[in-house]
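Trainee: Next up, entry-v2.pdb (PDB, C-alpha atoms, pLDDT in the B column).
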```pdb
ATOM      1  CA  MET E   1       0.000   0.000   0.000  1.00 84.00           C
ATOM      2  CA  GLU E   2       1.267   3.462  -0.902  1.00 88.00           C
ATOM      3  CA  TYR E   3       0.968   6.423   1.437  1.00 89.00           C
ATOM      4  CA  CYS E   4       0.711  10.172   1.027  1.00 94.00           C
ATOM      5  CA  THR E   5       2.091  13.016   3.128  1.00 94.00           C
ATOM      6  CA  LYS E   6      -1.332  13.749   4.686  1.00 95.00           C
ATOM      7  CA  ASP E   7      -1.269  13.298   8.478  1.00 94.00           C
ATOM      8  CA  SER E   8       2.526  13.668   8.700  1.00 96.00           C
ATOM      9  CA  TYR E   9       3.665  15.933  11.525  1.00 97.00           C
ATOM     10  CA  LEU E  10       6.655  17.390  13.358  1.00 98.00           C
ATOM     11  CA  ALA E  11       6.803  17.085  17.142  1.00 97.00           C
ATOM     12  CA  VAL E  12       9.148  18.564  19.757  1.00 98.00           C
ATOM     13  CA  SER E  13      10.143  17.569  23.276  1.00 97.00           C
ATOM     14  CA  GLU E  14      12.245  19.218  25.942  1.00 96.00           C
ATOM     15  CA  ASP E  15      12.823  15.984  27.890  1.00 95.00           C
ATOM     16  CA  GLY E  16      12.868  13.372  25.105  1.00 93.00           C
ATOM     17  CA  THR E  17       9.838  11.499  26.453  1.00 93.00           C
ATOM     18  CA  THR E  18       6.781  13.738  26.054  1.00 94.00           C
ATOM     19  CA  TYR E  19       6.430  15.116  22.532  1.00 96.00           C
ATOM     20  CA  LYS E  20       4.024  17.826  21.389  1.00 96.00           C
ATOM     21  CA  GLU E  21       2.934  18.160  17.775  1.00 97.00           C
ATOM     22  CA  LEU E  22       3.602  21.527  16.148  1.00 97.00           C
ATOM     23  CA  TYR E  23       0.486  22.786  14.393  1.00 96.00           C
ATOM     24  CA  GLY E  24       0.559  24.085  10.818  1.00 95.00           C
ATOM     25  CA  LEU E  25       3.271  21.989   9.152  1.00 97.00           C
ATOM     26  CA  SER E  26       3.008  22.440   5.387  1.00 97.00           C
ATOM     27  CA  GLY E  27       6.296  20.977   4.132  1.00 97.00           C
ATOM     28  CA  PHE E  28       9.283  18.974   5.289  1.00 97.00           C
ATOM     29  CA  PRO E  29      12.794  18.439   3.886  1.00 96.00           C
ATOM     30  CA  GLN E  30      14.627  15.437   2.560  1.00 92.00           C
ATOM     31  CA  MET E  31      15.725  13.426   5.590  1.00 92.00           C
ATOM     32  CA  GLY E  32      19.260  12.083   5.277  1.00 85.00           C
ATOM     33  CA  GLY E  33      21.867  12.405   2.616  1.00 84.00           C
ATOM     34  CA  THR E  34      24.640  10.764   0.692  1.00 87.00           C
ATOM     35  CA  PRO E  35      28.054  10.390   2.338  1.00 90.00           C
ATOM     36  CA  ASN E  36      30.973  12.246   0.807  1.00 93.00           C
ATOM     37  CA  LYS E  37      33.082  10.083  -1.504  1.00 94.00           C
ATOM     38  CA  ILE E  38      36.772   9.763  -0.697  1.00 96.00           C
ATOM     39  CA  ASP E  39      39.036   9.006  -3.639  1.00 96.00           C
ATOM     40  CA  VAL E  40      41.284   6.009  -2.860  1.00 96.00           C
ATOM     41  CA  THR E  41      42.520   5.430  -6.417  1.00 97.00           C
ATOM     42  CA  ASN E  42      46.113   4.205  -6.514  1.00 97.00           C
ATOM     43  CA  LEU E  43      48.589   4.082  -9.374  1.00 96.00           C
ATOM     44  CA  ARG E  44      47.775   0.443 -10.237  1.00 96.00           C
ATOM     45  CA  ASP E  45      43.991   1.007 -10.619  1.00 96.00           C
ATOM     46  CA  LYS E  46      42.415   1.103 -14.065  1.00 96.00           C
ATOM     47  CA  ARG E  47      39.486   3.225 -12.869  1.00 97.00           C
ATOM     48  CA  LYS E  48      38.689   5.541  -9.971  1.00 96.00           C
ATOM     49  CA  ARG E  49      37.821   3.939  -6.645  1.00 96.00           C
ATOM     50  CA  TYR E  50      36.022   5.505  -3.682  1.00 96.00           C
ATOM     51  CA  VAL E  51      35.048   4.751  -0.109  1.00 96.00           C
ATOM     52  CA  ASN E  52      32.272   6.446   1.805  1.00 95.00           C
ATOM     53  CA  GLY E  53      33.307   9.313   4.032  1.00 93.00           C
ATOM     54  CA  VAL E  54      31.386  11.487   6.432  1.00 90.00           C
ATOM     55  CA  GLN E  55      27.703  12.062   5.788  1.00 85.00           C
ATOM     56  CA  GLU E  56      26.843  15.724   5.986  1.00 82.00           C
ATOM     57  CA  THR E  57      23.390  16.662   7.219  1.00 82.00           C
ATOM     58  CA  GLU E  58      22.390  20.232   6.479  1.00 85.00           C
ATOM     59  CA  ASP E  59      19.950  22.107   8.692  1.00 91.00           C
ATOM     60  CA  LEU E  60      16.474  20.694   8.225  1.00 96.00           C
ATOM     61  CA  SER E  61      13.968  23.309   6.981  1.00 97.00           C
ATOM     62  CA  PHE E  62      10.294  22.852   7.815  1.00 98.00           C
ATOM     63  CA  SER E  63       7.526  25.098   6.408  1.00 98.00           C
ATOM     64  CA  PHE E  64       4.556  26.126   8.528  1.00 97.00           C
ATOM     65  CA  TYR E  65       1.430  28.229   8.184  1.00 96.00           C
ATOM     66  CA  TYR E  66       1.397  31.061  10.707  1.00 94.00           C
ATOM     67  CA  ASN E  67      -1.505  31.336  13.137  1.00 90.00           C
ATOM     68  CA  ARG E  68      -2.404  32.801  16.533  1.00 85.00           C
ATOM     69  CA  GLU E  69      -4.873  30.223  17.790  1.00 75.00           C
ATOM     70  CA  LYS E  70      -4.090  29.174  21.346  1.00 64.00           C
ATOM     71  CA  SER E  71      -3.628  25.515  22.284  1.00 54.00           C
ATOM     72  CA  GLY E  72      -6.858  23.889  23.314  1.00 52.00           C
ATOM     73  CA  ASP E  73      -9.074  26.339  21.357  1.00 51.00           C
ATOM     74  CA  SER E  74     -10.127  23.621  18.925  1.00 52.00           C
ATOM     75  CA  GLY E  75     -10.451  20.781  21.435  1.00 51.00           C
ATOM     76  CA  GLU E  76      -7.350  18.974  20.188  1.00 57.00           C
ATOM     77  CA  GLY E  77      -5.884  18.325  23.640  1.00 61.00           C
ATOM     78  CA  GLU E  78      -2.613  18.912  25.419  1.00 71.00           C
ATOM     79  CA  ASN E  79      -0.348  17.179  22.880  1.00 84.00           C
ATOM     80  CA  LYS E  80      -0.474  19.944  20.271  1.00 90.00           C
ATOM     81  CA  ILE E  81       1.206  23.346  20.225  1.00 92.00           C
ATOM     82  CA  LYS E  82      -1.169  25.554  18.223  1.00 92.00           C
ATOM     83  CA  GLU E  83       0.958  28.728  18.202  1.00 94.00           C
ATOM     84  CA  SER E  84       3.982  27.017  16.700  1.00 96.00           C
ATOM     85  CA  TYR E  85       5.742  30.228  15.661  1.00 96.00           C
ATOM     86  CA  LYS E  86       5.577  31.715  19.151  1.00 95.00           C
ATOM     87  CA  ALA E  87       6.731  28.494  20.829  1.00 96.00           C
ATOM     88  CA  LEU E  88       9.626  27.996  18.407  1.00 97.00           C
ATOM     89  CA  ARG E  89      10.747  31.633  18.834  1.00 97.00           C
ATOM     90  CA  GLU E  90      10.903  31.058  22.593  1.00 96.00           C
ATOM     91  CA  TYR E  91      13.044  27.937  22.094  1.00 97.00           C
ATOM     92  CA  GLN E  92      15.272  29.914  19.713  1.00 97.00           C
ATOM     93  CA  SER E  93      15.770  32.776  22.178  1.00 97.00           C
ATOM     94  CA  LYS E  94      16.816  30.297  24.901  1.00 97.00           C
ATOM     95  CA  ASP E  95      19.109  28.385  22.475  1.00 96.00           C
ATOM     96  CA  THR E  96      17.529  25.179  23.778  1.00 92.00           C
ATOM     97  CA  LEU E  97      18.739  21.773  22.572  1.00 97.00           C
ATOM     98  CA  LEU E  98      15.501  19.950  21.818  1.00 98.00           C
ATOM     99  CA  HIS E  99      14.383  16.466  20.816  1.00 98.00           C
ATOM    100  CA  TRP E 100      12.525  16.285  17.498  1.00 98.00           C
ATOM    101  CA  LYS E 101      10.583  13.695  15.576  1.00 97.00           C
ATOM    102  CA  LEU E 102       9.079  13.796  12.118  1.00 98.00           C
ATOM    103  CA  VAL E 103       6.266  11.251  11.860  1.00 97.00           C
ATOM    104  CA  TYR E 104       4.974  10.152   8.453  1.00 96.00           C
ATOM    105  CA  SER E 105       1.409   9.037   7.781  1.00 94.00           C
ATOM    106  CA  ASP E 106       2.351   5.342   8.062  1.00 94.00           C
ATOM    107  CA  GLY E 107       3.778   5.802  11.595  1.00 94.00           C
ATOM    108  CA  SER E 108       7.416   5.663  10.539  1.00 96.00           C
ATOM    109  CA  GLY E 109       9.750   8.610  10.884  1.00 96.00           C
ATOM    110  CA  PHE E 110      12.969  10.079  12.206  1.00 97.00           C
ATOM    111  CA  LYS E 111      14.201  11.332  15.573  1.00 97.00           C
ATOM    112  CA  TRP E 112      17.134  13.662  16.262  1.00 97.00           C
ATOM    113  CA  ASP E 113      18.317  16.425  18.592  1.00 97.00           C
ATOM    114  CA  GLY E 114      18.905  19.994  17.495  1.00 97.00           C
ATOM    115  CA  ARG E 115      18.368  23.703  17.978  1.00 98.00           C
ATOM    116  CA  VAL E 116      15.817  25.778  16.103  1.00 98.00           C
ATOM    117  CA  SER E 117      16.039  29.040  14.191  1.00 97.00           C
ATOM    118  CA  VAL E 118      12.782  30.586  12.970  1.00 97.00           C
ATOM    119  CA  TYR E 119      11.978  33.265  10.396  1.00 97.00           C
ATOM    120  CA  ARG E 120       8.868  34.593   8.663  1.00 96.00           C
ATOM    121  CA  ASP E 121       8.663  33.851   4.946  1.00 95.00           C
ATOM    122  CA  SER E 122       8.173  36.451   2.227  1.00 95.00           C
ATOM    123  CA  GLY E 123       4.634  37.238   1.144  1.00 92.00           C
ATOM    124  CA  GLU E 124       2.620  38.222  -1.869  1.00 94.00           C
ATOM    125  CA  VAL E 125      -0.924  39.235  -2.762  1.00 96.00           C
ATOM    126  CA  ASN E 126      -3.593  36.728  -1.768  1.00 94.00           C
ATOM    127  CA  ALA E 127      -1.249  34.323   0.028  1.00 94.00           C
ATOM    128  CA  ALA E 128      -1.228  32.722   3.463  1.00 94.00           C
ATOM    129  CA  LEU E 129       1.360  33.860   6.010  1.00 95.00           C
ATOM    130  CA  LYS E 130       4.077  31.268   6.483  1.00 97.00           C
ATOM    131  CA  PHE E 131       7.265  30.779   8.447  1.00 97.00           C
ATOM    132  CA  THR E 132      10.246  28.452   8.266  1.00 98.00           C
ATOM    133  CA  ALA E 133      11.822  26.550  11.131  1.00 98.00           C
ATOM    134  CA  ASN E 134      15.436  25.542  10.470  1.00 98.00           C
ATOM    135  CA  ILE E 135      16.478  22.797  12.844  1.00 98.00           C
ATOM    136  CA  SER E 136      20.104  21.779  13.278  1.00 96.00           C
ATOM    137  CA  CYS E 137      20.924  18.087  13.268  1.00 94.00           C
ATOM    138  CA  GLU E 138      23.227  17.628  16.273  1.00 93.00           C
ATOM    139  CA  THR E 139      22.765  13.863  16.530  1.00 93.00           C
ATOM    140  CA  GLU E 140      22.270  11.145  13.936  1.00 91.00           C
ATOM    141  CA  LEU E 141      18.889  10.827  12.285  1.00 92.00           C
ATOM    142  CA  THR E 142      17.363   7.692  13.800  1.00 94.00           C
ATOM    143  CA  ASP E 143      14.615   5.726  12.037  1.00 94.00           C
ATOM    144  CA  PHE E 144      11.647   4.644  14.140  1.00 91.00           C
ATOM    145  CA  GLU E 145       8.159   3.176  13.904  1.00 89.00           C
ATOM    146  CA  GLU E 146       5.295   4.550  16.011  1.00 76.00           C
ATOM    147  CA  GLU E 147       3.197   1.969  17.768  1.00 64.00           C
ATOM    148  CA  THR E 148      -0.225   1.893  16.180  1.00 54.00           C
ATOM    149  CA  THR E 149      -3.314   1.176  18.214  1.00 46.00           C
TER     150      THR E 149
END
```
Once you've parsed the file, please lay out its structure as structure tokens.
Mentor:
Amino acid sequence: MEYCTKDSYLAVSEDGTTYKELYGLSGFPQMGGTPNKIDVTNLRDKRKRYVNGVQETEDLSFSFYYNREKSGDSGEGENKIKESYKALREYQSKDTLLHWKLVYSDGSGFKWDGRVSVYRDSGEVNAALKFTANISCETELTDFEEETT
């Protein structure tokens, strides 16, 4: 069965155990990357040879729609941060190392630790307000599967 991006979400935790979903996610980046290639060709080789080197993970950029609805206003419970921009700006100002997880619609995803930097996106006529959260990747990206009930 194939899946779509619908119902995917980004969640944050200060303690690594209790995660809260960030409301308004509209786009997520490629997760992972290709390791650098190190040339190990010697003078007896007939063609170039390589071994894998360090894998570089750029900051992860997530797109969000901006809103000012307070948590709990829509009856969605305690596990959702509705004012994502405000919450992420507070984390940024404290330079807090946070625990993150991106959960895809099938329950799989990635976990990592990093710091956030937030900025408002440019705008144009007849467009929704958006912001971008750039999250550093200060640990390895770890695959996981959510337990489904």
Trainee: Suppose a student applies the PyMOL selection byres ((chain E and resi 25) around 12) to this structure; what residues should they get, written as a PyMOL selection string?
Mentor: chain E and resi 5-11+21-24+26-29+61-67+80-85+102-104+130-133
Trainee: Go through E:Asp59, E:Asp95, E:Glu124, E:Asp45 and flag the residue nearest Trp112 in chain E, using only C-alpha atoms for the distances.
Mentor: E:Asp59
Trainee: Counting only C-alpha atoms, figure out which residue out of E:Leu43, E:Val51, E:Ala87, E:Leu60 gets nearest to Gly114 in chain E.
Mentor: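 Using only C-alpha atoms, the shortest distance to Gly114 in chain E belongs to E:Leu60.
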Trainee: Between E:Thr41, E:Asn79, E:Ser136, E:Asn126, single out the one closest to Leu98 in chain E, counting all atoms listed in the file.
Mentor: E:Ser136
Trainee: Which of these, E:Phe144, E:Tyr50, E:Trp100, E:Tyr119, has the shortest distance to Pro35 in chain E once you count only C-alpha atoms?
Mentor: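 Closest candidate: E:Tyr50.
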Trainee: Could you jot down the CA of Leu129 in chain E to CA of Gln92 in chain E separation for me, Å, one decimal place?
Mentor: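 One can read the CA of Leu129 in chain E to CA of Gln92 in chain E distance as 19.9 Å.
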Trainee: Taking the file as I've supplied it (selection: the PyMOL selection byres ((chain E and resi 17) around 12)), which residues are included? Please answer as a VMD selection string.
Mentor: chain E and resid 11 to 16 18 to 20 98 to 101 111
Trainee: Which distance in Å separates CA of Gln55 in chain E and CA of Leu88 in chain E, to one decimal?
Mentor: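 CA of Leu88 in chain E lies 27.2 Å from CA of Gln55 in chain E.
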Trainee: Step by step, work through what the PyMOL selection byres ((chain E and resi 31) around 8) selects in the shown file, and finish by giving those residues as a list in words.
Mentor: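 This file, filtered by the PyMOL selection byres ((chain E and resi 31) around 8), leaves Pro29, Gln30, Gly32, Gly33, Leu60, Phe110 and Leu141 of chain E.
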Trainee: Tell me which protein, DNA and RNA residues are within 9 Å of Glu146 in chain E, counting all atoms listed in the file, leaving out same-chain ones fewer than 3 positions away, and put them as a ChimeraX atom specification.
Mentor: /E:103,106-109
Trainee: Go ahead and compute the interatomic distance for CA of Leu97 in chain E and CA of Glu56 in chain E, in Å to one decimal.
Mentor: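 One can read the CA of Leu97 in chain E to CA of Glu56 in chain E distance as 19.4 Å.
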Trainee: Taking every listed atom of range 24-43 of chain E and adding 6 Å to each side, what centre and edge lengths in Å (one decimal) does the axis-aligned box have, as AutoDock Vina command-line options?
Mentor:
```
--center_x 24.6 --center_y 14.1 --center_z 0.7 --size_x 60.0 --size_y 32.0 --size_z 32.2
```
